[in-house]
Amino acid sequence: MRQDNRLYIAFLWHMHQPYYKDTLRGKYILPWVRLHGIKDYYDMPLMLEEFPHMKQNFNLVPSLLVQIQDYVLGGATDEFMDLTLKPAAELDENEQVSVLYNFFMANWFTMVFPHKRFNELLEKRGRYVSKAELEKTRSRFSKQDFLDLQVWFNLAWFDPVFRQNDKLLRKLVEKESGYSENEKQLLMKKQKEIMAQI
């Protein structure tokens, strides 16, 4: 009698985030639902369209879905989004320090180093700096530097599939620097469009 040597494997992608909303202020304290929403939660299931015979399970936990809906339908914001949406020329000193401190929170090898302008801004800031050092460093950054950093922090979080295939995102990547406030607004609108598809 012949034995069946086939191996049966089930893949389960468990997509989750904790609940980041500060209910007293009505604002999200961290941006990870929004940023992973444009990087992981939609494109992974989308890739399966190319492989119709491959079966996968995607589990999106309720706390994740509630937060995505809040961003898409409820107009939710987070502290990083507020720092992005504020015109670069209007950032006060504390906000400039906050942008310099937080807007390189990404995998440097895959999201910063490959992009010339984003990497230039990191080197200008310094790779490992304290908030105290940033008080001095911020004076070396022009308004355009801050605007470019606002754009690149958000642009780099988009999955490479979107950056290659979406006309707006591809244009922004190719432009590299010298972004306008209008381009930044369009970029943030694109985030919401992609999150709405999850």
# chains A, B, ... in the order shown; residues from 1 in each chain; ligands from 1

$ residues_around --residues "stretch 164-173 of chain A" --least-positions-apart "5" --cutoff "12 Å" --atoms "only C-alpha atoms" --output "PyMOL selection string"
chain A and resi 38+43+111+114-118+148+151-159+178-180+182-191+193-194

$ select_by_dssp --residues "stretch 41-189 of chain A" --states "strand (DSSP E)" --output "PyMOL selection string"
chain A and resi 57-60

$ closest_residue --among "A:Leu24, A:Leu147, A:Leu7, A:Leu73" --to "A:Glu90" --atoms "only C-alpha atoms"
A:Leu147

$ residues_around --residues "A:Ala89" --least-positions-apart "5" --cutoff "12 Å" --atoms "only C-alpha atoms" --output "NGL selection string"
:A and (83-84 or 95-96 or 141-148 or 150 or 180-181)

$ closest_residue --among "A:Met15, A:Val97, A:Leu122, A:Leu65" --to "A:Pro45" --atoms "only C-alpha atoms"
A:Met15

$ residues_around --residues "A:Gln67" --least-positions-apart "6" --cutoff "12 Å" --atoms "only C-alpha atoms" --output "PyMOL selection string"
chain A and resi 16-22+26-28+30-37+60-61+73-78+195-196+198

$ select_by_dssp --residues "stretch 70-131 of chain A" --states "helix (DSSP H, G or I)" --output "number ranges by chain"
A: 70-73, 79-85, 88-90, 93-102, 108-112, 116-125, 131
